[in-house]
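S.K.: My file is work_18.pdb. It has PDB, C-alpha atoms:
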ATOM      1  CA  MET A 255     165.427  51.533 -81.610
ATOM      2  CA  THR A 256     168.275  49.134 -80.831
ATOM      3  CA  ASP A 257     169.179  48.466 -77.207
ATOM      4  CA  ALA A 258     172.659  49.136 -75.875
ATOM      5  CA  PRO A 259     175.041  46.179 -76.113
ATOM      6  CA  ARG A 260     175.056  43.965 -73.042
ATOM      7  CA  ASP A 261     178.444  45.170 -71.829
ATOM      8  CA  MET A 262     177.422  48.817 -71.483
ATOM      9  CA  ILE A 263     174.883  50.853 -69.600
ATOM     10  CA  ALA A 264     171.877  51.936 -71.629
ATOM     11  CA  PRO A 265     171.914  55.688 -72.325
ATOM     12  CA  GLU A 266     168.678  56.096 -70.367
ATOM     13  CA  ASP A 267     170.321  54.532 -67.298
ATOM     14  CA  CYS A 268     173.426  56.747 -67.274
ATOM     15  CA  GLN A 269     173.814  58.746 -64.075
ATOM     16  CA  SER A 270     177.116  60.466 -64.810
ATOM     17  CA  MET A 271     179.099  61.931 -67.694
ATOM     18  CA  ALA A 272     181.700  59.224 -67.077
ATOM     19  CA  GLU A 273     179.068  56.595 -67.917
ATOM     20  CA  VAL A 274     177.942  58.563 -70.985
ATOM     21  CA  ARG A 275     181.517  58.912 -72.203
ATOM     22  CA  ALA A 276     182.290  55.258 -71.549
ATOM     23  CA  GLY A 277     179.245  54.274 -73.603
ATOM     24  CA  ILE A 278     180.208  56.575 -76.460
ATOM     25  CA  ASP A 279     183.800  55.317 -76.438
ATOM     26  CA  ALA A 280     182.632  51.689 -76.484
ATOM     27  CA  LEU A 281     180.239  52.383 -79.352
ATOM     28  CA  ASP A 282     182.915  54.251 -81.304
ATOM     29  CA  LEU A 283     185.144  51.178 -81.111
ATOM     30  CA  GLN A 284     182.301  48.969 -82.329
ATOM     31  CA  ILE A 285     181.572  51.382 -85.191
ATOM     32  CA  VAL A 286     185.213  51.247 -86.288
ATOM     33  CA  GLU A 287     185.188  47.442 -86.094
ATOM     34  CA  MET A 288     182.066  47.354 -88.270
ATOM     35  CA  LEU A 289     183.589  49.822 -90.723
ATOM     36  CA  ALA A 290     186.632  47.564 -90.970
ATOM     37  CA  ILE A 291     184.312  44.783 -92.129
ATOM     38  CA  ARG A 292     182.626  47.179 -94.574
ATOM     39  CA  PHE A 293     186.019  48.038 -96.058
ATOM     40  CA  ARG A 294     186.817  44.332 -96.389
ATOM     41  CA  PHE A 295     183.709  44.137 -98.587
ATOM     42  CA  MET A 296     185.174  46.989-100.648
ATOM     43  CA  THR A 297     188.327  44.921-101.075
ATOM     44  CA  ALA A 298     186.177  42.003-102.233
ATOM     45  CA  ALA A 299     184.349  44.264-104.690
ATOM     46  CA  ALA A 300     187.673  45.481-106.090
ATOM     47  CA  ARG A 301     188.792  41.884-106.550
ATOM     48  CA  ILE A 302     185.533  40.867-108.249
ATOM     49  CA  LYS A 303     184.990  43.810-110.601
ATOM     50  CA  ALA A 304     186.730  43.165-113.897
ATOM     51  CA  ASP A 305     186.520  46.783-115.081
ATOM     52  CA  ARG A 306     187.976  49.699-113.107
ATOM     53  CA  GLY A 307     185.163  51.864-114.462
ATOM     54  CA  ALA A 308     182.684  49.748-112.504
ATOM     55  CA  VAL A 309     184.151  50.903-109.190
ATOM     56  CA  ARG A 310     182.181  54.168-109.221
ATOM     57  CA  ASP A 311     178.450  53.467-109.538
ATOM     58  CA  GLY A 312     176.399  56.630-109.071
ATOM     59  CA  ASP A 313     173.077  54.795-108.853
ATOM     60  CA  ARG A 314     174.382  52.465-106.143
ATOM     61  CA  LYS A 315     175.893  55.395-104.233
ATOM     62  CA  ALA A 316     172.539  57.207-104.253
ATOM     63  CA  GLN A 317     170.758  54.040-103.103
ATOM     64  CA  VAL A 318     173.180  53.459-100.210
ATOM     65  CA  ILE A 319     172.814  57.044 -98.992
ATOM     66  CA  ALA A 320     169.027  56.950 -99.363
ATOM     67  CA  ASN A 321     168.931  53.683 -97.385
ATOM     68  CA  ALA A 322     170.985  55.248 -94.588
ATOM     69  CA  ARG A 323     168.776  58.343 -94.516
ATOM     70  CA  ALA A 324     165.624  56.209 -94.359
ATOM     71  CA  ALA A 325     167.088  54.117 -91.530
ATOM     72  CA  ALA A 326     167.944  57.321 -89.680
ATOM     73  CA  GLU A 327     164.387  58.572 -90.055
ATOM     74  CA  ARG A 328     163.030  55.284 -88.715
ATOM     75  CA  ALA A 329     165.443  55.518 -85.774
ATOM     76  CA  GLY A 330     164.404  59.099 -85.031
ATOM     77  CA  ILE A 331     167.837  60.605 -85.618
ATOM     78  CA  PRO A 332     168.742  63.442 -88.017
ATOM     79  CA  ALA A 333     168.595  62.083 -91.566
ATOM     80  CA  ASP A 334     170.545  65.063 -92.911
ATOM     81  CA  VAL A 335     173.458  64.336 -90.573
ATOM     82  CA  ILE A 336     173.417  60.645 -91.457
ATOM     83  CA  GLY A 337     173.206  61.505 -95.153
ATOM     84  CA  ASP A 338     176.299  63.707 -94.813
ATOM     85  CA  ILE A 339     178.181  60.994 -92.932
ATOM     86  CA  TRP A 340     177.231  58.398 -95.544
ATOM     87  CA  GLU A 341     178.255  60.709 -98.386
ATOM     88  CA  ARG A 342     181.744  60.860 -96.885
ATOM     89  CA  LEU A 343     181.739  57.141 -96.078
ATOM     90  CA  VAL A 344     180.744  56.144 -99.608
ATOM     91  CA  GLU A 345     183.236  58.504-101.262
ATOM     92  CA  GLY A 346     185.985  57.202 -98.973
ATOM     93  CA  SER A 347     184.932  53.649 -99.761
ATOM     94  CA  ILE A 348     185.092  54.339-103.485
ATOM     95  CA  ALA A 349     188.599  55.797-103.158
ATOM     96  CA  PHE A 350     189.637  52.777-101.090
ATOM     97  CA  GLU A 351     188.152  50.406-103.668
ATOM     98  CA  PHE A 352     190.018  52.149-106.500
ATOM     99  CA  ASP A 353     193.267  51.671-104.567
ATOM    100  CA  ARG A 354     192.506  47.988-103.942
ATOM    101  CA  TRP A 355     191.462  47.502-107.591
ATOM    102  CA  ASP A 356     194.792  48.916-108.748
ATOM    103  CA  GLU A 357     196.723  46.765-106.245
ATOM    104  CA  HIS A 358     195.021  43.587-107.497
ATOM    105  CA  ARG A 359     196.064  44.368-111.089
ATOM    106  CA  THR A 360     199.679  45.378-110.600
TER
END
Please express what this file holds, its structure, as structure tokens.

M.R.:
Amino acid sequence: MTDAPRDMIAPEDCQSMAEVRAGIDALDLQIVEMLAIRFRFMTAAARIKADRGAVRDGDRKAQVIANARAAAERAGIPADVIGDIWERLVEGSIAFEFDRWDEHRT
């Protein structure tokens, strides 16, 4: 399991709900920042793919979700929940990539 970032209290050391909430809020910001990078990769994919039909890749989608579920299992968190989150993330990423693909060609 990954330790808490240096600038926040580890969950195990929290003594109040204020500390718990501060940790969650800080992590949520970091998650959004990381997702912003992920979506930049989607923009790169849209720029690189010559064929719009290549944007949706069912095999790759299944692999990404399976990877997330396996990582969740290793981390001891609910794989079903992570699988559902990644399903939505991947579908949203595909929609975003289609939009970027169209923008690069118009």

S.K.: If you measure from atom CA of A:Val309 to atom CA of A:Phe352, what distance in Å do you get, rounded to one decimal?

M.R.: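 Calculated distance between atom CA of A:Val309 and atom CA of A:Phe352 is 6.6 Å.
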
S.K.: What's the 7 Å shell around stretch 297-307 of chain A, counting all atoms listed in the file, without same-chain residues fewer than 2 positions away, as a PDB file with C-alpha atoms, in the coordinates of the input?

M.R.:
ATOM      1  CA  PHE A 293     186.019  48.038 -96.058  1.00  0.00           C
ATOM      2  CA  ARG A 294     186.817  44.332 -96.389  1.00  0.00           C
ATOM      3  CA  PHE A 295     183.709  44.137 -98.587  1.00  0.00           C
ATOM      4  CA  VAL A 309     184.151  50.903-109.190  1.00  0.00           C
ATOM      5  CA  ARG A 310     182.181  54.168-109.221  1.00  0.00           C
ATOM      6  CA  GLU A 351     188.152  50.406-103.668  1.00  0.00           C
ATOM      7  CA  ARG A 354     192.506  47.988-103.942  1.00  0.00           C
ATOM      8  CA  TRP A 355     191.462  47.502-107.591  1.00  0.00           C
ATOM      9  CA  HIS A 358     195.021  43.587-107.497  1.00  0.00           C
TER      10      HIS A 358
END

S.K.: Convert the output of the PyMOL selection byres ((chain A and resi 265) around 12) on the shown file into explicit residues, formatted as a PyMOL selection string.

M.R.: chain A and resi 256-259+262-264+266-278+281

S.K.: Show me, as a PDB file with C-alpha atoms, in the coordinates of the input, the residues that have an atom within 12 Å of A:Arg292 when counting only C-alpha atoms, minus same-chain residues fewer than 6 positions from it.

M.R.:
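Saved file out_16.pdb follows:
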ATOM      1  CA  ILE A 285     181.572  51.382 -85.191  1.00  0.00           C
ATOM      2  CA  VAL A 286     185.213  51.247 -86.288  1.00  0.00           C
ATOM      3  CA  ALA A 298     186.177  42.003-102.233  1.00  0.00           C
ATOM      4  CA  ALA A 299     184.349  44.264-104.690  1.00  0.00           C
ATOM      5  CA  LEU A 343     181.739  57.141 -96.078  1.00  0.00           C
ATOM      6  CA  VAL A 344     180.744  56.144 -99.608  1.00  0.00           C
ATOM      7  CA  GLY A 346     185.985  57.202 -98.973  1.00  0.00           C
ATOM      8  CA  SER A 347     184.932  53.649 -99.761  1.00  0.00           C
ATOM      9  CA  ILE A 348     185.092  54.339-103.485  1.00  0.00           C
ATOM     10  CA  PHE A 350     189.637  52.777-101.090  1.00  0.00           C
ATOM     11  CA  GLU A 351     188.152  50.406-103.668  1.00  0.00           C
TER      12      GLU A 351
END

S.K.: Find, counting all atoms listed in the file, the residue in A:Arg323, A:Met296, A:Asp353, A:Glu287 that gets nearest to A:Ile339.

M.R.: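 Closest candidate: A:Arg323.
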
S.K.: Which value, in Å to one decimal, gives the distance between atom CA of A:Ile319 and atom CA of A:Val335?

M.R.: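 Separation between atom CA of A:Ile319 and atom CA of A:Val335: 11.2 Å.
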
S.K.: Provide the atom CA of A:Ala322 to atom CA of A:Ile336 distance in Å, to one decimal place.

M.R.: 6.7 Å

S.K.: Using only C-alpha atoms, give me every residue within 12 Å of (172.7, 57.9, -102.6) in file coordinates, as a compact mmCIF listing (two decimals) with C-alpha atoms, in the coordinates of the input.

M.R.:
# COMPACT_ATOMS: atom_id res chain seq x y z
CA ASP A 311 178.45 53.47 -109.54
CA GLY A 312 176.40 56.63 -109.07
CA ASP A 313 173.08 54.80 -108.85
CA ARG A 314 174.38 52.46 -106.14
CA LYS A 315 175.89 55.40 -104.23
CA ALA A 316 172.54 57.21 -104.25
CA GLN A 317 170.76 54.04 -103.10
CA VAL A 318 173.18 53.46 -100.21
CA ILE A 319 172.81 57.04 -98.99
CA ALA A 320 169.03 56.95 -99.36
CA ASN A 321 168.93 53.68 -97.38
CA ALA A 322 170.98 55.25 -94.59
CA ARG A 323 168.78 58.34 -94.52
CA ALA A 324 165.62 56.21 -94.36
CA ILE A 336 173.42 60.64 -91.46
CA GLY A 337 173.21 61.50 -95.15
CA ASP A 338 176.30 63.71 -94.81
CA ILE A 339 178.18 60.99 -92.93
CA TRP A 340 177.23 58.40 -95.54
CA GLU A 341 178.26 60.71 -98.39
CA ARG A 342 181.74 60.86 -96.88
CA LEU A 343 181.74 57.14 -96.08
CA VAL A 344 180.74 56.14 -99.61
CA GLU A 345 183.24 58.50 -101.26

S.K.: Some atoms are absent from stretch 261-283 of chain A, so rebuild N, CA, C and O atoms and return them as a PDB file, in the coordinates of the input.

M.R.:
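Written file, out.pdb:
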ATOM      1  N   ASP A 261     177.314  44.788 -72.671  1.00  0.00           N
ATOM      2  CA  ASP A 261     178.444  45.170 -71.829  1.00  0.00           C
ATOM      3  C   ASP A 261     178.492  46.664 -71.502  1.00  0.00           C
ATOM      4  O   ASP A 261     179.470  47.140 -70.954  1.00  0.00           O
ATOM      5  N   MET A 262     177.431  47.403 -71.823  1.00  0.00           N
ATOM      6  CA  MET A 262     177.422  48.817 -71.483  1.00  0.00           C
ATOM      7  C   MET A 262     176.070  49.226 -70.914  1.00  0.00           C
ATOM      8  O   MET A 262     175.064  48.566 -71.130  1.00  0.00           O
ATOM      9  N   ILE A 263     176.101  50.310 -70.188  1.00  0.00           N
ATOM     10  CA  ILE A 263     174.883  50.853 -69.600  1.00  0.00           C
ATOM     11  C   ILE A 263     174.049  51.490 -70.704  1.00  0.00           C
ATOM     12  O   ILE A 263     174.590  52.175 -71.580  1.00  0.00           O
ATOM     13  N   ALA A 264     172.764  51.293 -70.664  1.00  0.00           N
ATOM     14  CA  ALA A 264     171.877  51.936 -71.629  1.00  0.00           C
ATOM     15  C   ALA A 264     171.936  53.455 -71.421  1.00  0.00           C
ATOM     16  O   ALA A 264     172.063  53.912 -70.270  1.00  0.00           O
ATOM     17  N   PRO A 265     171.859  54.228 -72.483  1.00  0.00           N
ATOM     18  CA  PRO A 265     171.914  55.688 -72.325  1.00  0.00           C
ATOM     19  C   PRO A 265     170.910  56.216 -71.300  1.00  0.00           C
ATOM     20  O   PRO A 265     171.225  57.111 -70.512  1.00  0.00           O
ATOM     21  N   GLU A 266     169.726  55.642 -71.280  1.00  0.00           N
ATOM     22  CA  GLU A 266     168.678  56.096 -70.367  1.00  0.00           C
ATOM     23  C   GLU A 266     169.024  55.830 -68.903  1.00  0.00           C
ATOM     24  O   GLU A 266     168.461  56.445 -68.000  1.00  0.00           O
ATOM     25  N   ASP A 267     169.941  54.895 -68.663  1.00  0.00           N
ATOM     26  CA  ASP A 267     170.321  54.532 -67.298  1.00  0.00           C
ATOM     27  C   ASP A 267     171.576  55.250 -66.813  1.00  0.00           C
ATOM     28  O   ASP A 267     171.971  55.077 -65.659  1.00  0.00           O
ATOM     29  N   CYS A 268     172.215  56.034 -67.679  1.00  0.00           N
ATOM     30  CA  CYS A 268     173.426  56.747 -67.274  1.00  0.00           C
ATOM     31  C   CYS A 268     173.100  57.773 -66.191  1.00  0.00           C
ATOM     32  O   CYS A 268     172.120  58.510 -66.284  1.00  0.00           O
ATOM     33  N   GLN A 269     173.968  57.807 -65.186  1.00  0.00           N
ATOM     34  CA  GLN A 269     173.814  58.746 -64.075  1.00  0.00           C
ATOM     35  C   GLN A 269     174.959  59.755 -64.013  1.00  0.00           C
ATOM     36  O   GLN A 269     174.912  60.678 -63.195  1.00  0.00           O
ATOM     37  N   SER A 270     175.973  59.560 -64.840  1.00  0.00           N
ATOM     38  CA  SER A 270     177.116  60.466 -64.810  1.00  0.00           C
ATOM     39  C   SER A 270     177.674  60.640 -66.219  1.00  0.00           C
ATOM     40  O   SER A 270     177.443  59.815 -67.105  1.00  0.00           O
ATOM     41  N   MET A 271     178.434  61.719 -66.406  1.00  0.00           N
ATOM     42  CA  MET A 271     179.099  61.931 -67.694  1.00  0.00           C
ATOM     43  C   MET A 271     180.149  60.855 -67.941  1.00  0.00           C
ATOM     44  O   MET A 271     180.389  60.497 -69.091  1.00  0.00           O
ATOM     45  N   ALA A 272     180.727  60.311 -66.892  1.00  0.00           N
ATOM     46  CA  ALA A 272     181.700  59.224 -67.077  1.00  0.00           C
ATOM     47  C   ALA A 272     181.019  58.021 -67.729  1.00  0.00           C
ATOM     48  O   ALA A 272     181.597  57.385 -68.622  1.00  0.00           O
ATOM     49  N   GLU A 273     179.807  57.713 -67.309  1.00  0.00           N
ATOM     50  CA  GLU A 273     179.068  56.595 -67.917  1.00  0.00           C
ATOM     51  C   GLU A 273     178.692  56.916 -69.364  1.00  0.00           C
ATOM     52  O   GLU A 273     178.796  56.046 -70.240  1.00  0.00           O
ATOM     53  N   VAL A 274     178.271  58.147 -69.613  1.00  0.00           N
ATOM     54  CA  VAL A 274     177.942  58.563 -70.985  1.00  0.00           C
ATOM     55  C   VAL A 274     179.171  58.430 -71.868  1.00  0.00           C
ATOM     56  O   VAL A 274     179.119  57.845 -72.965  1.00  0.00           O
ATOM     57  N   ARG A 275     180.285  58.955 -71.403  1.00  0.00           N
ATOM     58  CA  ARG A 275     181.517  58.912 -72.203  1.00  0.00           C
ATOM     59  C   ARG A 275     182.016  57.490 -72.415  1.00  0.00           C
ATOM     60  O   ARG A 275     182.485  57.151 -73.504  1.00  0.00           O
ATOM     61  N   ALA A 276     181.887  56.667 -71.402  1.00  0.00           N
ATOM     62  CA  ALA A 276     182.290  55.258 -71.549  1.00  0.00           C
ATOM     63  C   ALA A 276     181.429  54.566 -72.601  1.00  0.00           C
ATOM     64  O   ALA A 276     181.936  53.783 -73.416  1.00  0.00           O
ATOM     65  N   GLY A 277     180.137  54.853 -72.594  1.00  0.00           N
ATOM     66  CA  GLY A 277     179.245  54.274 -73.603  1.00  0.00           C
ATOM     67  C   GLY A 277     179.589  54.736 -75.001  1.00  0.00           C
ATOM     68  O   GLY A 277     179.635  53.936 -75.950  1.00  0.00           O
ATOM     69  N   ILE A 278     179.841  56.031 -75.146  1.00  0.00           N
ATOM     70  CA  ILE A 278     180.208  56.575 -76.460  1.00  0.00           C
ATOM     71  C   ILE A 278     181.518  55.967 -76.935  1.00  0.00           C
ATOM     72  O   ILE A 278     181.636  55.550 -78.100  1.00  0.00           O
ATOM     73  N   ASP A 279     182.508  55.901 -76.045  1.00  0.00           N
ATOM     74  CA  ASP A 279     183.800  55.317 -76.438  1.00  0.00           C
ATOM     75  C   ASP A 279     183.662  53.861 -76.866  1.00  0.00           C
ATOM     76  O   ASP A 279     184.255  53.430 -77.862  1.00  0.00           O
ATOM     77  N   ALA A 280     182.849  53.097 -76.132  1.00  0.00           N
ATOM     78  CA  ALA A 280     182.632  51.689 -76.484  1.00  0.00           C
ATOM     79  C   ALA A 280     181.932  51.576 -77.836  1.00  0.00           C
ATOM     80  O   ALA A 280     182.305  50.731 -78.664  1.00  0.00           O
ATOM     81  N   LEU A 281     180.936  52.415 -78.064  1.00  0.00           N
ATOM     82  CA  LEU A 281     180.239  52.383 -79.352  1.00  0.00           C
ATOM     83  C   LEU A 281     181.153  52.804 -80.494  1.00  0.00           C
ATOM     84  O   LEU A 281     181.102  52.217 -81.587  1.00  0.00           O
ATOM     85  N   ASP A 282     181.988  53.821 -80.264  1.00  0.00           N
ATOM     86  CA  ASP A 282     182.915  54.251 -81.304  1.00  0.00           C
ATOM     87  C   ASP A 282     183.833  53.106 -81.731  1.00  0.00           C
ATOM     88  O   ASP A 282     184.079  52.915 -82.928  1.00  0.00           O
ATOM     89  N   LEU A 283     184.301  52.329 -80.765  1.00  0.00           N
ATOM     90  CA  LEU A 283     185.144  51.178 -81.111  1.00  0.00           C
ATOM     91  C   LEU A 283     184.365  50.164 -81.946  1.00  0.00           C
ATOM     92  O   LEU A 283     184.892  49.604 -82.912  1.00  0.00           O
TER      93      LEU A 283
END
